[in-house]
>>> print(open('model23.pdb').read())   # PDB, C-alpha atoms
MODEL        1
ATOM      1  CA  MET O 841       0.000   0.000   0.000
ATOM      2  CA  ILE O 842       1.292   3.427  -0.916
ATOM      3  CA  VAL O 843      -0.391   6.603   0.310
ATOM      4  CA  ASP O 844       0.614   9.996  -1.079
ATOM      5  CA  THR O 845       0.685  12.278   1.958
ATOM      6  CA  LEU O 846       0.432  15.395  -0.226
ATOM      7  CA  THR O 847      -2.667  14.412  -2.226
ATOM      8  CA  GLY O 848      -4.390  11.641  -0.252
ATOM      9  CA  GLU O 849      -4.226   9.269  -3.211
ATOM     10  CA  PHE O 850      -3.396   5.619  -2.590
ATOM     11  CA  LYS O 851      -2.316   2.612  -4.620
ATOM     12  CA  LEU O 852      -2.774  -0.977  -3.559
ATOM     13  CA  LEU O 853       0.353  -2.777  -4.779
ATOM     14  CA  ARG O 854      -0.480  -6.334  -3.771
ATOM     15  CA  ALA O 855      -3.396  -8.359  -2.455
ATOM     16  CA  ASP O 856      -3.322 -11.917  -1.165
ATOM     17  CA  LEU O 857      -6.795 -13.421  -0.911
ATOM     18  CA  LEU O 858      -7.732 -16.751   0.609
ATOM     19  CA  HIS O 859     -11.366 -17.837   0.380
ATOM     20  CA  ASP O 860     -13.013 -21.015   1.618
ATOM     21  CA  ALA O 861     -15.079 -22.211  -1.350
ATOM     22  CA  GLY O 862     -15.468 -25.756  -0.077
ATOM     23  CA  ASP O 863     -14.983 -28.264  -2.881
ATOM     24  CA  SER O 864     -15.248 -25.735  -5.690
ATOM     25  CA  ILE O 865     -17.350 -26.797  -8.660
ATOM     26  CA  ASN O 866     -15.464 -24.422 -10.967
ATOM     27  CA  PRO O 867     -12.346 -22.831  -9.440
ATOM     28  CA  ALA O 868     -11.924 -20.325 -12.286
ATOM     29  CA  ILE O 869     -15.429 -18.935 -11.717
ATOM     30  CA  ASP O 870     -14.983 -18.911  -7.939
ATOM     31  CA  ILE O 871     -11.651 -17.058  -8.187
ATOM     32  CA  GLY O 872     -13.300 -14.517 -10.503
ATOM     33  CA  GLN O 873     -16.142 -14.067  -8.010
ATOM     34  CA  VAL O 874     -13.735 -13.585  -5.111
ATOM     35  CA  GLU O 875     -11.580 -11.082  -6.988
ATOM     36  CA  GLY O 876     -14.620  -9.203  -8.306
ATOM     37  CA  ALA O 877     -16.144  -8.958  -4.838
ATOM     38  CA  PHE O 878     -12.812  -7.754  -3.455
ATOM     39  CA  ILE O 879     -12.535  -4.936  -5.995
ATOM     40  CA  GLN O 880     -16.217  -4.031  -5.558
ATOM     41  CA  GLY O 881     -15.770  -3.885  -1.779
ATOM     42  CA  MET O 882     -12.588  -1.862  -2.173
ATOM     43  CA  GLY O 883     -14.564   0.681  -4.188
ATOM     44  CA  TRP O 884     -17.309   0.724  -1.563
ATOM     45  CA  LEU O 885     -14.736   1.477   1.142
ATOM     46  CA  THR O 886     -12.598   3.974  -0.788
ATOM     47  CA  THR O 887     -14.442   5.805  -3.572
ATOM     48  CA  GLU O 888     -18.206   5.335  -3.412
ATOM     49  CA  GLU O 889     -19.107   8.357  -1.336
ATOM     50  CA  LEU O 890     -22.790   9.111  -0.734
ATOM     51  CA  TRP O 891     -23.895  12.711  -0.822
ATOM     52  CA  TRP O 892     -27.243  14.452  -0.868
ATOM     53  CA  ASN O 893     -28.213  17.851  -2.280
ATOM     54  CA  LYS O 894     -29.781  20.632  -0.189
ATOM     55  CA  ASP O 895     -33.248  19.139  -0.821
ATOM     56  CA  GLY O 896     -32.229  15.768   0.610
ATOM     57  CA  VAL O 897     -32.037  13.985  -2.751
ATOM     58  CA  LEU O 898     -29.320  11.352  -3.016
ATOM     59  CA  MET O 899     -27.030  12.527  -5.824
ATOM     60  CA  THR O 900     -24.754   9.463  -5.915
ATOM     61  CA  HIS O 901     -27.446   6.984  -6.863
ATOM     62  CA  ALA O 902     -25.808   5.160  -9.766
ATOM     63  CA  PRO O 903     -22.377   4.199 -11.111
ATOM     64  CA  SER O 904     -22.590   7.225 -13.407
ATOM     65  CA  THR O 905     -22.605   9.549 -10.379
ATOM     66  CA  TYR O 906     -19.645   8.195  -8.392
ATOM     67  CA  LYS O 907     -16.280   6.615  -9.161
ATOM     68  CA  ILE O 908     -16.458   2.865  -9.482
ATOM     69  CA  PRO O 909     -13.241   0.822  -9.422
ATOM     70  CA  ALA O 910     -11.465   0.408 -12.746
ATOM     71  CA  VAL O 911      -8.790  -1.983 -13.977
ATOM     72  CA  SER O 912      -6.149   0.521 -12.866
ATOM     73  CA  ASP O 913      -7.431   0.182  -9.275
ATOM     74  CA  CYS O 914      -6.590  -3.541  -9.208
ATOM     75  CA  PRO O 915      -3.292  -4.394  -7.543
ATOM     76  CA  ALA O 916      -0.517  -5.288  -9.987
ATOM     77  CA  ASP O 917       0.233  -8.337  -7.827
ATOM     78  CA  PHE O 918      -3.143 -10.025  -7.218
ATOM     79  CA  ARG O 919      -2.916 -13.486  -5.647
ATOM     80  CA  THR O 920      -6.084 -15.454  -5.017
ATOM     81  CA  THR O 921      -6.232 -18.957  -3.563
ATOM     82  CA  LEU O 922      -9.219 -21.125  -2.796
ATOM     83  CA  TYR O 923      -8.955 -22.903   0.539
ATOM     84  CA  LYS O 924      -9.985 -26.521   0.111
ATOM     85  CA  ASN O 925     -12.386 -27.405   2.859
ATOM     86  CA  SER O 926     -15.438 -29.558   2.172
ATOM     87  CA  ASN O 927     -18.683 -28.039   3.318
ATOM     88  CA  VAL O 928     -20.214 -29.990   6.208
ATOM     89  CA  GLU O 929     -23.640 -28.953   4.914
ATOM     90  CA  ASP O 930     -25.265 -31.063   2.210
ATOM     91  CA  THR O 931     -24.583 -28.847  -0.818
ATOM     92  CA  ILE O 932     -23.757 -29.646  -4.435
ATOM     93  CA  HIS O 933     -20.288 -31.239  -4.375
ATOM     94  CA  ARG O 934     -19.863 -29.790  -0.838
ATOM     95  CA  SER O 935     -19.193 -26.345  -2.349
ATOM     96  CA  LYS O 936     -19.619 -23.012  -0.554
ATOM     97  CA  ALA O 937     -20.751 -19.549  -1.623
ATOM     98  CA  THR O 938     -18.328 -17.187  -3.298
ATOM     99  CA  GLY O 939     -20.677 -14.322  -4.203
ATOM    100  CA  GLU O 940     -21.078 -11.982  -1.239
ATOM    101  CA  PRO O 941     -18.701 -13.281   1.489
ATOM    102  CA  PRO O 942     -15.492 -11.905  -0.123
ATOM    103  CA  LEU O 943     -17.057  -8.434  -0.218
ATOM    104  CA  LEU O 944     -15.759  -7.992   3.340
ATOM    105  CA  LEU O 945     -12.118  -8.813   2.529
ATOM    106  CA  PRO O 946     -11.358  -5.202   1.463
ATOM    107  CA  PHE O 947     -11.591  -4.010   5.045
ATOM    108  CA  SER O 948      -7.915  -4.999   4.886
ATOM    109  CA  VAL O 949      -7.427  -2.216   2.310
ATOM    110  CA  PHE O 950      -9.199   0.329   4.517
ATOM    111  CA  PHE O 951      -7.071  -0.621   7.532
ATOM    112  CA  ALA O 952      -3.866  -0.639   5.448
ATOM    113  CA  ILE O 953      -4.669   2.950   4.444
ATOM    114  CA  ARG O 954      -5.349   3.774   8.086
ATOM    115  CA  ASP O 955      -2.035   2.197   9.094
ATOM    116  CA  ALA O 956      -0.161   4.182   6.430
ATOM    117  CA  ILE O 957      -1.742   7.388   7.753
ATOM    118  CA  SER O 958      -0.782   6.387  11.289
ATOM    119  CA  SER O 959       2.852   6.086  10.187
ATOM    120  CA  VAL O 960       2.872   9.862   9.611
ATOM    121  CA  GLY O 961       2.670  10.210  13.394
ATOM    122  CA  GLY O 962       5.072   7.365  14.162
ATOM    123  CA  HIS O 963       2.147   5.002  14.817
ATOM    124  CA  ARG O 964       1.376   6.877  18.040
ATOM    125  CA  ILE O 965      -1.973   8.296  16.906
ATOM    126  CA  HIS O 966      -5.123   6.561  15.672
ATOM    127  CA  PRO O 967      -6.113   8.435  12.506
ATOM    128  CA  PRO O 968      -9.674   9.777  12.337
ATOM    129  CA  LEU O 969     -10.469   8.053   9.020
ATOM    130  CA  ASP O 970     -14.038   7.535   7.899
ATOM    131  CA  ALA O 971     -15.263   5.226   5.172
ATOM    132  CA  PRO O 972     -15.214   5.696   2.341
ATOM    133  CA  ALA O 973     -11.515   6.526   2.481
ATOM    134  CA  THR O 974     -11.591   8.960  -0.421
ATOM    135  CA  GLY O 975      -8.527  11.000  -1.280
ATOM    136  CA  GLU O 976     -10.104  13.935   0.529
ATOM    137  CA  SER O 977     -10.810  11.979   3.723
ATOM    138  CA  ILE O 978      -7.320  10.418   3.642
ATOM    139  CA  LEU O 979      -5.724  13.853   3.355
ATOM    140  CA  LYS O 980      -7.951  15.163   6.151
ATOM    141  CA  ALA O 981      -6.832  12.276   8.394
ATOM    142  CA  ILE O 982      -3.168  12.850   7.486
ATOM    143  CA  ASN O 983      -3.475  16.525   8.413
ATOM    144  CA  ALA O 984      -5.173  15.603  11.701
ATOM    145  CA  VAL O 985      -2.323  13.232  12.579
ATOM    146  CA  ARG O 986       0.265  15.840  11.642
ATOM    147  CA  ALA O 987      -1.468  18.413  13.826
ATOM    148  CA  VAL O 988      -1.113  16.336  17.001
ATOM    149  CA  ALA O 989       1.968  14.212  16.248
ATOM    150  CA  PRO O 990       5.139  15.017  18.169
ATOM    151  CA  LYS O 991       7.637  16.728  15.883
ATOM    152  CA  ALA O 992      10.128  13.890  16.371
ATOM    153  CA  ALA O 993       7.653  11.424  14.802
ATOM    154  CA  ARG O 994       7.068  13.496  11.651
TER     155      ARG O 994
ENDMDL
END
>>> encode(input="model23.pdb", output="structure tokens")
Amino acid sequence: MIVDTLTGEFKLLRADLLHDAGDSINPAIDIGQVEGAFIQGMGWLTTEELWWNKDGVLMTHAPSTYKIPAVSDCPADFRTTLYKNSNVEDTIHRSKATGEPPLLLPFSVFFAIRDAISSVGGHRIHPPLDAPATGESILKAINAVRAVAPKAAR
């Protein structure tokens, strides 16, 4: 993870995903589902900011009104492994779901950003970072850490 402390932009360099798909029926499809859910969740936690106009109308109501993740947002080093673990439930081939569960894996991205911000203050301060961790909110958190960090830590 790289965070630009002057702009608030970040770049995820590598992701290692491990998902329990049971006895996968089609590993290629399951890996695609896991990776897709990861990138979707990363967008949800970093770019998909909700905002309403003065009349209370939600203005970010569709992908055309907020930034959705693109290919350039995917880590250059993207490693996905399916953990082999037969489902104890009676399912087809003892497989497990791969649709929604991996959507929560990108909390690791959010906390990696938070950790990078914390490094600005020598890891002595918990950054006030809200989700989504947009460039603006990252920069705001960096400035908050800088404001209270001891000079020796900067």
>>> residues_around(input="model23.pdb", residues="Pro903 in chain O", least_positions_apart="2", cutoff="12 Å", atoms="only C-alpha atoms", output="ChimeraX atom specification")
/O:880,883-884,887-890,899-901,905-910
>>> resolve_selection(input="model23.pdb", expression="the PyMOL selection byres ((chain O and resi 921) around 10)", output="count of residues only")
15
>>> residues_around(input="model23.pdb", residues="Gly848 in chain O", least_positions_apart="3", cutoff="6 Å", atoms="all atoms listed in the file", output="compact mmCIF listing (two decimals) with C-alpha atoms, in the coordinates of the input")
# COMPACT_ATOMS: atom_id res chain seq x y z
CA ASP O 844 0.61 10.00 -1.08
CA THR O 845 0.68 12.28 1.96
CA GLY O 975 -8.53 11.00 -1.28
CA ILE O 978 -7.32 10.42 3.64
CA LEU O 979 -5.72 13.85 3.36
>>> residues_around(input="model23.pdb", residues="range 915-917 of chain O", least_positions_apart="5", cutoff="8 Å", atoms="only C-alpha atoms", output="ChimeraX atom specification")
/O:851-855
>>> residues_around(input="model23.pdb", residues="Ala956 in chain O", least_positions_apart="3", cutoff="8 Å", atoms="only C-alpha atoms", output="ChimeraX atom specification")
/O:841-843,952-953,959-960
>>> residues_around(input="model23.pdb", residues="Pro946 in chain O", least_positions_apart="4", cutoff="9 Å", atoms="all atoms listed in the file", output="list in words")
Ala877, Phe878, Ile879, Gln880, Gly881, Met882, Gly883, Trp884, Leu885, Pro942, Phe950 and Phe951 of chain O
>>> closest_residue(input="model23.pdb", among="O:Gln873, O:Thr847, O:Asn866, O:Thr886", to="Ala973 in chain O", atoms="all atoms listed in the file")
O:Thr886
>>> atom_distance(input="model23.pdb", atom1="CA of Lys980 in chain O", atom2="CA of Leu945 in chain O")
24.6 Å
>>> atom_distance(input="model23.pdb", atom1="CA of Phe947 in chain O", atom2="CA of Ser977 in chain O")
16.1 Å
>>> closest_residue(input="model23.pdb", among="O:Leu944, O:Ala989, O:Ala981, O:Val897", to="His963 in chain O", atoms="only C-alpha atoms")
O:Ala989
>>> resolve_selection(input="model23.pdb", expression="the PyMOL selection byres ((chain O and resi 984) around 10)", output="PyMOL selection string")
chain O and resi 957+961+965-969+978-983+985-989
>>> atom_distance(input="model23.pdb", atom1="CA of Ile869 in chain O", atom2="CA of Glu940 in chain O")
13.8 Å
